[in-house]
file protein-v4.csv (CSV, C-alpha atoms)
chain,number,residue,atom,x,y,z
K,117,GLU,CA,119.4,22.8,32.1
K,118,ILE,CA,117.8,26.2,31.9
K,119,GLU,CA,115.4,27.2,34.6
K,120,LEU,CA,112.7,29.8,33.9
K,121,HIS,CA,110.7,31.8,36.4
K,122,VAL,CA,108.0,34.2,35.4
K,123,GLU,CA,106.3,36.7,37.7
K,124,LEU,CA,103.4,39.1,36.9
K,125,THR,CA,102.9,42.3,39.0
K,126,ALA,CA,99.6,44.0,38.3
K,127,ASN,CA,98.4,47.2,39.9
K,128,PRO,CA,95.5,47.9,40.1
K,129,ILE,CA,93.9,44.5,40.1
K,130,THR,CA,90.4,43.5,41.2
K,131,ASN,CA,89.4,40.7,43.5
K,132,GLU,CA,88.6,38.7,40.4
K,133,ASN,CA,92.2,39.1,39.2
K,134,VAL,CA,91.3,41.5,36.4
K,135,PHE,CA,94.0,44.0,35.6
K,136,LYS,CA,94.8,46.8,33.2
K,137,THR,CA,98.5,46.1,32.7
K,138,ALA,CA,101.0,43.8,34.3
K,139,ASN,CA,104.7,44.0,34.6
K,140,VAL,CA,106.2,40.7,33.6
K,141,THR,CA,109.6,39.8,35.0
K,142,ILE,CA,111.4,36.8,33.4
K,143,THR,CA,114.3,35.2,35.3
K,144,ALA,CA,116.4,32.6,33.4
K,145,THR,CA,119.2,30.7,35.1
K,146,ASP,CA,121.7,28.2,33.7
K,147,THR,CA,124.6,26.7,35.7
K,148,ASP,CA,126.5,25.5,32.7
K,149,ALA,CA,127.1,27.4,29.5
K,150,GLY,CA,125.2,30.5,30.6
K,151,ILE,CA,122.2,32.3,29.0
K,152,ASP,CA,122.5,33.4,25.4
K,153,ALA,CA,122.0,37.2,25.7
K,154,SER,CA,122.7,37.8,22.0
K,155,LYS,CA,119.3,36.6,21.0
K,156,THR,CA,116.1,38.7,20.8
K,157,TYR,CA,113.2,36.8,22.3
K,158,LYS,CA,109.5,37.2,21.4
K,159,TYR,CA,106.4,37.1,23.5
K,160,TYR,CA,102.7,37.3,22.5
K,161,LEU,CA,99.3,37.8,24.1
K,162,SER,CA,96.9,35.4,22.4
K,163,THR,CA,93.2,34.6,22.8
K,164,SER,CA,94.0,31.0,22.3
K,165,ALA,CA,96.1,28.7,24.5
K,166,THR,CA,97.2,26.6,21.5
K,167,ALA,CA,97.7,29.1,18.7
K,168,LEU,CA,98.7,32.7,18.1
K,169,GLN,CA,95.3,34.4,17.6
K,170,ASN,CA,94.4,38.1,17.9
K,171,THR,CA,97.8,38.7,19.2
K,172,ALA,CA,99.6,41.6,20.8
K,173,SER,CA,103.3,41.0,20.7
K,174,GLY,CA,106.7,42.3,21.8
K,175,THR,CA,110.3,41.4,22.1
K,176,PHE,CA,112.9,41.5,24.9
K,177,ASN,CA,116.6,41.0,25.3
K,178,PHE,CA,118.8,40.0,28.2
K,179,SER,CA,121.7,42.2,29.2
K,180,THR,CA,125.1,41.0,27.8
K,181,GLU,CA,126.7,42.3,31.0
K,182,GLY,CA,126.8,40.8,34.4
K,183,ASP,CA,126.4,37.2,35.5
K,184,VAL,CA,126.0,35.0,32.4
K,185,HIS,CA,124.4,32.2,34.4
K,186,SER,CA,121.4,34.3,35.6
K,187,LYS,CA,119.5,36.9,33.5
K,188,GLU,CA,116.5,38.9,34.3
K,189,GLN,CA,114.3,41.1,32.1
K,190,SER,CA,110.9,42.9,32.4
K,191,PHE,CA,108.3,44.2,30.1
K,192,THR,CA,104.7,45.4,30.3
K,193,ILE,CA,101.7,43.6,28.9
K,194,GLY,CA,98.0,44.5,28.5
K,195,GLU,CA,98.1,48.1,27.2
K,196,ASN,CA,95.0,49.0,25.2
K,197,ILE,CA,93.6,45.5,25.5
K,198,THR,CA,90.2,44.5,26.9
K,199,ASP,CA,90.0,40.8,26.5
K,200,THR,CA,91.1,37.4,27.9
K,201,ARG,CA,94.7,36.5,26.8
K,202,TYR,CA,97.3,33.8,27.3
K,203,LEU,CA,101.0,34.8,27.6
K,204,PHE,CA,103.3,33.1,25.1
K,205,ILE,CA,107.1,33.3,25.8
K,206,GLU,CA,109.6,32.0,23.3
K,207,ASN,CA,112.1,29.4,24.4
K,208,ILE,CA,115.2,30.8,26.1
K,209,TYR,CA,118.5,29.5,24.8
K,210,ASP,CA,121.8,29.0,26.6
K,211,LYS,CA,125.1,29.5,24.8
K,212,ALA,CA,125.4,25.8,24.0
K,213,GLY,CA,122.1,25.9,22.1
K,214,ASN,CA,120.0,24.2,24.8
K,215,VAL,CA,116.5,25.6,25.3
K,216,THR,CA,114.2,25.9,28.3
K,217,ILE,CA,111.9,23.0,29.0
K,218,LYS,CA,108.4,23.5,30.3
K,219,PRO,CA,109.0,25.6,33.4
K,220,GLU,CA,108.9,23.7,36.7
K,221,THR,CA,108.8,26.9,38.7
K,222,GLN,CA,105.4,28.4,39.2
K,223,ILE,CA,104.1,31.7,37.8
K,224,THR,CA,103.1,34.3,40.4
K,225,LEU,CA,100.7,37.2,40.2
K,226,ASN,CA,101.4,40.0,42.7
K,227,GLY,CA,103.4,37.6,44.8
K,228,THR,CA,100.8,34.9,45.0
K,229,THR,CA,101.3,31.6,43.3
K,230,GLN,CA,98.7,31.2,40.6
K,231,ALA,CA,99.7,28.5,38.1
K,232,GLN,CA,102.4,26.6,36.5
K,233,ALA,CA,103.0,27.2,32.8
K,234,ILE,CA,100.0,25.6,31.0
K,235,ASP,CA,102.0,23.9,28.3
K,236,ASN,CA,104.6,24.1,25.6
K,237,VAL,CA,103.3,24.9,22.1
K,238,THR,CA,105.3,24.7,18.9
K,239,ILE,CA,104.2,27.0,16.1
K,240,ASP,CA,106.0,27.3,12.8
K,241,GLY,CA,109.1,25.6,14.3
K,242,VAL,CA,109.2,27.9,17.3
K,243,THR,CA,108.4,26.6,20.8
K,244,TYR,CA,106.7,28.8,23.3
K,245,HIS,CA,105.8,28.5,27.0
K,246,VAL,CA,102.1,29.3,27.5
K,247,PHE,CA,101.1,30.9,30.7
K,248,GLY,CA,97.6,31.7,32.1
K,249,LEU,CA,95.7,32.1,35.3
K,250,ASN,CA,95.6,28.5,36.4
K,251,THR,CA,94.3,27.0,33.1
K,252,ASP,CA,92.4,30.1,32.2
K,253,PRO,CA,93.6,33.2,30.3
K,254,TYR,CA,94.5,36.4,32.0
K,255,LYS,CA,91.7,38.9,32.2
K,256,ILE,CA,92.6,42.4,31.0
K,257,ASP,CA,90.4,45.5,31.0
K,258,ASN,CA,91.3,48.9,29.6
K,259,SER,CA,87.8,49.9,28.6
K,260,ALA,CA,85.7,52.5,30.5
K,261,PRO,CA,82.0,51.8,31.1
K,262,SER,CA,79.4,52.7,28.5
K,263,VAL,CA,77.0,55.5,29.4
K,264,THR,CA,73.7,56.2,27.6
K,265,ILE,CA,71.7,59.4,28.5
K,266,THR,CA,68.1,59.8,27.1
K,267,THR,CA,66.5,63.2,28.0
K,268,SER,CA,62.8,64.2,27.8
K,269,ASP,CA,63.9,67.0,25.5
K,270,THR,CA,63.6,65.3,22.2
K,271,GLY,CA,64.2,68.4,20.2
K,272,GLU,CA,63.6,72.0,21.1
K,273,ASP,CA,61.2,71.1,23.9
K,274,TRP,CA,61.2,74.0,26.2
K,275,SER,CA,60.0,73.1,29.7
K,276,ARG,CA,60.3,74.2,33.2
K,277,THR,CA,61.9,70.9,34.1
K,278,HIS,CA,63.3,67.9,32.2
K,279,THR,CA,64.4,64.4,33.1
K,280,ALA,CA,67.3,62.3,31.9
K,281,GLN,CA,67.4,58.5,32.0
K,282,VAL,CA,70.9,57.3,32.6
K,283,GLU,CA,72.1,53.7,31.8
K,284,ILE,CA,75.6,52.6,32.7
K,285,VAL,CA,77.0,49.3,31.5
K,286,ASP,CA,80.4,47.8,31.8
K,287,VAL,CA,81.9,46.8,28.5
K,288,GLY,CA,85.0,45.2,30.0
K,289,LEU,CA,85.7,42.6,32.6
K,290,ALA,CA,86.3,44.5,35.8
K,291,GLY,CA,82.7,45.6,36.6
K,292,VAL,CA,81.4,49.1,37.2
K,293,ASP,CA,82.3,50.9,40.4
K,294,THR,CA,78.9,52.3,41.5
K,295,SER,CA,80.6,54.5,44.2
K,296,THR,CA,82.1,56.7,41.5
K,297,PHE,CA,78.9,57.7,39.7
K,298,LYS,CA,78.5,61.5,39.6
K,299,TYR,CA,76.3,64.0,37.7
K,300,ILE,CA,76.3,67.7,37.0
K,301,TRP,CA,73.8,69.9,35.2
K,302,VAL,CA,76.0,72.3,33.2
K,303,ASN,CA,74.9,75.5,31.5
K,304,GLU,CA,77.4,75.7,28.7
K,305,GLU,CA,76.2,79.0,27.3
K,306,SER,CA,79.2,81.0,28.4
K,307,LEU,CA,81.8,78.2,28.5
K,308,THR,CA,84.8,78.1,26.2
K,309,ALA,CA,85.5,75.1,24.0
K,310,GLU,CA,88.2,74.1,26.4
K,311,GLN,CA,85.8,74.3,29.4
K,312,LYS,CA,83.3,72.1,27.6
K,313,ALA,CA,85.8,69.4,26.6
K,314,LEU,CA,84.9,66.1,28.2
K,315,SER,CA,87.5,64.8,30.5
K,316,GLU,CA,87.9,63.9,34.2
K,317,ALA,CA,89.7,67.2,34.7
K,318,THR,CA,87.0,69.4,33.2
K,319,PHE,CA,84.3,67.4,35.0
K,320,THR,CA,86.1,68.2,38.3
K,321,ASP,CA,86.2,71.9,37.3
K,322,ARG,CA,82.5,71.9,36.5
K,323,TRP,CA,81.8,70.0,39.7
K,324,ASN,CA,83.6,72.6,41.8
K,325,ASP,CA,81.7,75.4,39.9
K,326,ALA,CA,78.4,73.6,40.7
K,327,ILE,CA,79.3,73.4,44.4
K,328,ALA,CA,80.1,77.1,44.5
K,329,LYS,CA,76.9,78.0,42.6
K,330,GLU,CA,74.6,75.8,44.7
K,331,SER,CA,76.1,77.3,47.9
K,332,ALA,CA,75.9,80.9,46.7
K,333,ASP,CA,72.5,80.8,44.9
K,334,GLY,CA,70.6,78.0,46.7
K,335,VAL,CA,70.0,76.0,43.5
K,336,ASP,CA,68.9,72.4,44.2
K,337,ASN,CA,70.0,69.3,42.3
K,338,LEU,CA,72.7,71.0,40.3
K,339,TYR,CA,75.1,68.1,41.1
K,340,GLY,CA,75.2,64.9,43.0
K,341,THR,CA,76.1,61.2,43.2
K,342,PHE,CA,74.1,58.1,42.6
K,343,THR,CA,74.7,54.3,42.9
K,344,ASN,CA,72.1,52.8,40.6
K,345,ALA,CA,73.4,52.0,37.1
K,346,SER,CA,69.9,52.7,35.8
K,347,THR,CA,68.6,55.9,37.2
K,348,THR,CA,66.5,59.1,36.4
K,349,ILE,CA,67.9,62.5,37.1
K,350,THR,CA,65.8,65.7,37.1
K,351,THR,CA,66.9,69.1,36.1
K,352,PRO,CA,67.8,71.7,38.8
K,353,THR,CA,65.3,73.8,40.6
K,354,ASP,CA,65.8,77.4,41.8
K,355,ASN,CA,65.0,78.9,45.1
K,356,GLY,CA,63.3,82.0,43.7
K,357,THR,CA,66.4,84.2,43.3
K,358,GLU,CA,68.4,82.2,40.8
K,359,VAL,CA,66.4,81.3,37.6
K,360,ILE,CA,67.3,78.0,35.9
K,361,SER,CA,66.7,78.9,32.2
K,362,GLY,CA,68.4,78.7,28.9
K,363,PRO,CA,68.9,76.5,25.8
K,364,ASP,CA,72.3,75.2,26.6
K,365,TRP,CA,71.9,72.9,29.6
K,366,TYR,CA,73.6,69.5,29.5
K,367,LEU,CA,73.7,66.6,31.9
K,368,TRP,CA,77.4,65.5,32.5
K,369,ILE,CA,78.0,62.0,33.8
K,370,LEU,CA,81.2,60.5,35.2
K,371,ALA,CA,81.6,56.8,35.8
K,372,LYS,CA,84.4,54.4,36.5
K,373,ASP,CA,84.9,50.7,36.6
K,374,LYS,CA,86.7,48.8,39.4
K,375,LEU,CA,90.1,49.4,37.7
K,376,GLY,CA,89.6,53.2,37.4
K,377,ASN,CA,88.8,53.2,33.7
K,378,THR,CA,86.9,56.5,33.4
K,379,VAL,CA,84.3,57.9,31.1
K,380,VAL,CA,82.8,61.4,31.0
K,381,VAL,CA,79.8,61.9,28.7
K,382,LYS,CA,77.1,64.5,28.3
K,383,SER,CA,73.5,64.5,27.2
K,384,THR,CA,72.0,66.2,24.2
K,385,GLN,CA,70.9,69.8,24.6
K,386,VAL,CA,68.2,70.5,27.2
K,387,HIS,CA,66.0,73.6,26.9
K,388,LEU,CA,64.9,75.0,30.3
K,389,ASP,CA,62.6,78.0,30.7
K,390,ASN,CA,61.7,79.2,34.2
K,391,GLU,CA,61.5,82.9,33.3
K,392,ILE,CA,58.1,84.5,33.4
K,393,PRO,CA,56.9,86.6,30.5
K,394,LYS,CA,57.2,90.3,31.2
K,395,PHE,CA,55.4,93.5,30.1
K,396,GLU,CA,57.0,96.7,29.3
K,397,LEU,CA,54.5,99.5,29.6
K,398,THR,CA,55.0,103.0,28.2
K,399,PRO,CA,54.3,105.3,30.0
K,400,SER,CA,54.6,103.4,33.2
K,401,SER,CA,52.1,105.6,35.0
K,402,GLY,CA,49.2,107.9,34.1
K,403,GLY,CA,48.2,111.5,34.4
K,404,ILE,CA,45.4,113.9,33.4
K,405,ALA,CA,44.7,113.8,29.7
K,406,LYS,CA,41.9,113.5,27.2
K,407,THR,CA,43.5,110.4,25.7
K,408,MET,CA,46.8,108.7,26.2
K,409,GLN,CA,49.2,106.9,23.9
K,410,VAL,CA,50.1,103.6,25.6
K,411,LYS,CA,52.5,101.0,24.3
K,412,ILE,CA,52.2,97.5,25.8
K,413,THR,CA,55.1,95.2,24.9
K,414,ALA,CA,55.1,91.5,25.8
K,415,ILE,CA,58.6,90.2,26.4
K,416,GLU,CA,59.4,86.5,26.3
K,417,GLN,CA,63.0,85.5,25.4
K,418,LYS,CA,63.1,81.7,25.9
K,419,SER,CA,60.3,79.4,24.9
K,420,GLY,CA,58.1,82.0,23.3
K,421,LEU,CA,54.5,83.0,24.1
K,422,ALA,CA,51.8,80.4,24.1
K,423,GLU,CA,49.5,80.5,21.1
K,424,THR,CA,46.5,80.4,23.4
K,425,ASN,CA,47.3,83.9,24.8
K,426,MET,CA,44.8,86.7,24.2
K,427,GLN,CA,46.7,90.0,24.1
K,428,GLN,CA,44.0,92.3,25.5
K,429,TYR,CA,43.7,95.3,27.8
K,430,TYR,CA,40.8,96.7,29.9
K,431,LEU,CA,40.2,100.2,31.2
K,432,SER,CA,38.3,99.8,34.5
K,433,THR,CA,36.9,102.3,36.9
K,434,SER,CA,38.0,100.1,39.8
K,435,ASN,CA,41.4,99.0,40.8
K,436,THR,CA,40.1,95.8,42.2
K,437,ALA,CA,37.6,94.6,39.6
K,438,LEU,CA,36.8,94.9,35.9
K,439,GLU,CA,34.1,97.6,35.8
K,440,GLY,CA,32.8,100.1,33.2
K,441,GLY,CA,34.8,98.8,30.2
K,442,GLU,CA,35.5,96.0,27.9
K,443,TRP,CA,38.5,93.8,26.7
K,444,LEU,CA,40.2,95.3,23.7
K,445,ASP,CA,43.0,93.8,21.6
K,446,TYR,CA,46.4,95.3,21.5
K,447,GLU,CA,49.4,94.5,19.4
K,448,SER,CA,52.6,94.1,21.3
K,449,GLY,CA,55.1,97.0,20.8
K,450,ILE,CA,52.5,99.2,19.0
K,451,GLU,CA,51.1,102.4,20.5
K,452,GLU,CA,47.4,102.3,21.3
K,453,THR,CA,45.2,105.3,22.0
K,454,ILE,CA,43.2,104.8,25.1
K,455,GLY,CA,40.7,106.8,27.1
K,456,ALA,CA,38.7,108.4,24.2
K,457,GLY,CA,35.3,109.4,25.3
K,458,LYS,CA,35.9,108.5,28.9
K,459,ASN,CA,35.8,110.7,32.0
K,460,GLY,CA,37.1,109.8,35.4
K,461,THR,CA,39.8,107.7,36.9
K,462,TYR,CA,40.6,104.5,35.1
K,463,TYR,CA,42.9,101.6,35.7
K,464,LEU,CA,44.6,99.7,33.0
K,465,TYR,CA,44.4,95.9,33.2
K,466,VAL,CA,46.4,93.6,30.9
K,467,LYS,CA,45.6,90.0,30.5
K,468,GLN,CA,48.1,87.6,32.0
K,469,LEU,CA,50.4,85.9,29.5
K,470,LYS,CA,51.8,82.4,29.5
K,471,ASP,CA,54.8,81.1,27.6
K,472,LYS,CA,55.1,77.7,26.0
K,473,ALA,CA,56.8,76.3,29.1
K,474,GLY,CA,53.9,77.3,31.3
K,475,ASN,CA,55.4,80.3,33.1
K,476,GLU,CA,52.8,83.1,33.8
K,477,SER,CA,53.4,86.8,33.9
K,478,ASN,CA,53.3,88.8,37.1
K,479,ILE,CA,51.0,91.7,37.9
K,480,ILE,CA,52.4,95.1,36.8
K,481,GLY,CA,51.6,98.7,37.7
K,482,ASP,CA,48.6,100.6,36.4
K,483,VAL,CA,48.1,103.5,34.0
K,484,VAL,CA,45.4,106.1,35.0
K,485,THR,CA,43.6,108.2,32.4
K,486,ARG,CA,41.4,111.1,33.2
K,487,GLN,CA,39.2,113.5,31.2
K,488,ASP,CA,37.4,116.4,32.7
K,489,GLU,CA,35.1,117.2,29.7
call {"tool": "encode", "arguments": {"input": "protein-v4.csv", "output": "structure tokens"}}
result
Amino acid sequence: EIELHVELTANPITNENVFKTANVTITATDTDAGIDASKTYKYYLSTSATALQNTASGTFNFSTEGDVHSKEQSFTIGENITDTRYLFIENIYDKAGNVTIKPETQITLNGTTQAQAIDNVTIDGVTYHVFGLNTDPYKIDNSAPSVTITTSDTGEDWSRTHTAQVEIVDVGLAGVDTSTFKYIWVNEESLTAEQKALSEATFTDRWNDAIAKESADGVDNLYGTFTNASTTITTPTDNGTEVISGPDWYLWILAKDKLGNTVVVKSTQVHLDNEIPKFELTPSSGGIAKTMQVKITAIEQKSGLAETNMQQYYLSTSNTALEGGEWLDYESGIEETIGAGKNGTYYLYVKQLKDKAGNESNIIGDVVTRQDE
């Protein structure tokens, strides 16, 4: 009589006995003729306990050397599978042609007795021993969680801030590990293709970059952790010295399940503009002249100037109020002749500009014209 003992060792494994892969060790003993080590034996992982369905399969052999009365062999099951499966092991023969009966010994999982073989099943003339977790199939999970990111930037929506709605769902059997959830806001403008490649290693690199940048520049919310599988994350904010702007911002998310299956995903492109419009004034200061040629250039490099802007200037006799003049249009980057017919000291005012993200220009210096006629 051939005795058969089967042991599964899975690491990692969850409290619910879900595993990624398991090492299966088969020990067959026969005190009479000895185990037939010349045969190749088959095993299957099936979604059914009574038929070979959706199977993954493999073969194993016992060594022809050593004790003929006791043979042991191991193999790994579960690779690339996320499903529930029963383990089918083909009958083991001794040299006299006898086969194993339904195993009387119990199957163990990580050293703990779980179940006896569920049954013997004969398919196409071949008898298999069917194993499971008690009467249930083994639970195998090699799939990372699914992450969906929906940003408030639906196109080229330049804004000073954006939000991203993050949804994390487990598509396997282990369940998500909320303690692993991390995010980084990454400006990919100057990154190489390799630095932008999504992997746990590159996420770690960008994470370390974010720590260094937040520490050096005082940027808030550049990176962080969260535990809610449904959460909203806001774009970073600056402290006044580091401006968060550019068209190549992305939210990177890292998430794992309880077996360590890992996913790194990123959002679609997010356009951030926290740079104020600027003026370039030529000349930058005044002097004594009958008239002056002045060129006012409005500079906005991100979202563009708002359509509601009025590009106008005013020559005032006061440096604190609009007096003695009127608002006149100018064309950005084109020289204007100012001061004609005027006598005295004048101060040049330029209307504040806004960009499409809502940033407003700062006050700039003045140009003084003077005419003594």
call {"tool": "closest_residue", "arguments": {"input": "protein-v4.csv", "among": "K:Thr353, K:Thr384, K:Thr341, K:Ser275", "to": "Gly474 of chain K", "atoms": "only C-alpha atoms"}}
result
K:Ser275
call {"tool": "closest_residue", "arguments": {"input": "protein-v4.csv", "among": "K:Asp252, K:Asp148, K:Glu452, K:Glu272", "to": "Gln409 of chain K", "atoms": "all atoms listed in the file"}}
result
K:Glu452
call {"tool": "closest_residue", "arguments": {"input": "protein-v4.csv", "among": "K:Thr270, K:Ser162, K:Asn207, K:Ser259", "to": "Gly376 of chain K", "atoms": "all atoms listed in the file"}}
result
K:Ser259
call {"tool": "closest_residue", "arguments": {"input": "protein-v4.csv", "among": "K:Glu310, K:Ile369, K:Gly271, K:Thr279", "to": "Tyr339 of chain K", "atoms": "all atoms listed in the file"}}
result
K:Ile369
call {"tool": "closest_residue", "arguments": {"input": "protein-v4.csv", "among": "K:Val285, K:Val380, K:Leu314, K:Ile129", "to": "Lys298 of chain K", "atoms": "only C-alpha atoms"}}
result
K:Val380
call {"tool": "closest_residue", "arguments": {"input": "protein-v4.csv", "among": "K:Leu370, K:Pro363, K:Phe247, K:Gly241", "to": "Ser295 of chain K", "atoms": "all atoms listed in the file"}}
result
K:Leu370
call {"tool": "residues_around", "arguments": {"input": "protein-v4.csv", "residues": "Val237 of chain K", "least_positions_apart": "2", "cutoff": "10 Å", "atoms": "all atoms listed in the file", "output": "MDAnalysis selection string"}}
result
chainID K and resid 165:168 204:206 218 234:235 239:246
call {"tool": "write_last_selection", "arguments": {"input": "protein-v4.csv", "atoms": "C-alpha atoms", "output": "tab-separated table (two decimals), keeping the file's coordinate frame"}}
result
chain	number	residue	atom	x	y	z
K	165	ALA	CA	96.10	28.70	24.50
K	166	THR	CA	97.20	26.60	21.50
K	167	ALA	CA	97.70	29.10	18.70
K	168	LEU	CA	98.70	32.70	18.10
K	204	PHE	CA	103.30	33.10	25.10
K	205	ILE	CA	107.10	33.30	25.80
K	206	GLU	CA	109.60	32.00	23.30
K	218	LYS	CA	108.40	23.50	30.30
K	234	ILE	CA	100.00	25.60	31.00
K	235	ASP	CA	102.00	23.90	28.30
K	239	ILE	CA	104.20	27.00	16.10
K	240	ASP	CA	106.00	27.30	12.80
K	241	GLY	CA	109.10	25.60	14.30
K	242	VAL	CA	109.20	27.90	17.30
K	243	THR	CA	108.40	26.60	20.80
K	244	TYR	CA	106.70	28.80	23.30
K	245	HIS	CA	105.80	28.50	27.00
K	246	VAL	CA	102.10	29.30	27.50
call {"tool": "atom_distance", "arguments": {"input": "protein-v4.csv", "atom1": "atom CA of Leu397 of chain K", "atom2": "atom CA of Thr413 of chain K"}}
result
6.4 Å
call {"tool": "residues_around", "arguments": {"input": "protein-v4.csv", "residues": "Ala326 of chain K", "least_positions_apart": "2", "cutoff": "9 Å", "atoms": "only C-alpha atoms", "output": "ChimeraX atom specification"}}
result
/K:300-302,321-324,328-331,338-339
call {"tool": "residues_around", "arguments": {"input": "protein-v4.csv", "residues": "Val184 of chain K", "least_positions_apart": "6", "cutoff": "10 Å", "atoms": "only C-alpha atoms", "output": "list in words"}}
result
Ala144, Thr145, Asp146, Thr147, Asp148, Ala149, Gly150, Ile151, Asp152, Ala153, Phe178, Asp210 and Lys211 of chain K
call {"tool": "write_last_selection", "arguments": {"input": "protein-v4.csv", "atoms": "C-alpha atoms", "output": "compact mmCIF listing (two decimals), in the frame of the given file"}}
result
# COMPACT_ATOMS: atom_id res chain seq x y z
CA ALA K 144 116.40 32.60 33.40
CA THR K 145 119.20 30.70 35.10
CA ASP K 146 121.70 28.20 33.70
CA THR K 147 124.60 26.70 35.70
CA ASP K 148 126.50 25.50 32.70
CA ALA K 149 127.10 27.40 29.50
CA GLY K 150 125.20 30.50 30.60
CA ILE K 151 122.20 32.30 29.00
CA ASP K 152 122.50 33.40 25.40
CA ALA K 153 122.00 37.20 25.70
CA PHE K 178 118.80 40.00 28.20
CA ASP K 210 121.80 29.00 26.60
CA LYS K 211 125.10 29.50 24.80
call {"tool": "atom_distance", "arguments": {"input": "protein-v4.csv", "atom1": "atom CA of Asp354 of chain K", "atom2": "atom CA of Gly420 of chain K"}}
result
20.6 Å
call {"tool": "atom_distance", "arguments": {"input": "protein-v4.csv", "atom1": "atom CA of Thr163 of chain K", "atom2": "atom CA of Thr216 of chain K"}}
result
23.4 Å
call {"tool": "closest_atom_pairs", "arguments": {"input": "protein-v4.csv", "of": "segment 233-285 of chain K", "to": "segment 385-392 of chain K", "cutoff": "6 Å", "atoms": "all atoms listed in the file", "output": "CSV"}}
result
residue,atom,partner,partner_atom,distance
K:Asp269,CA,K:Val386,CA,5.8
K:Trp274,CA,K:His387,CA,4.9
K:Ser275,CA,K:Leu388,CA,5.3
K:Arg276,CA,K:Asp389,CA,5.1
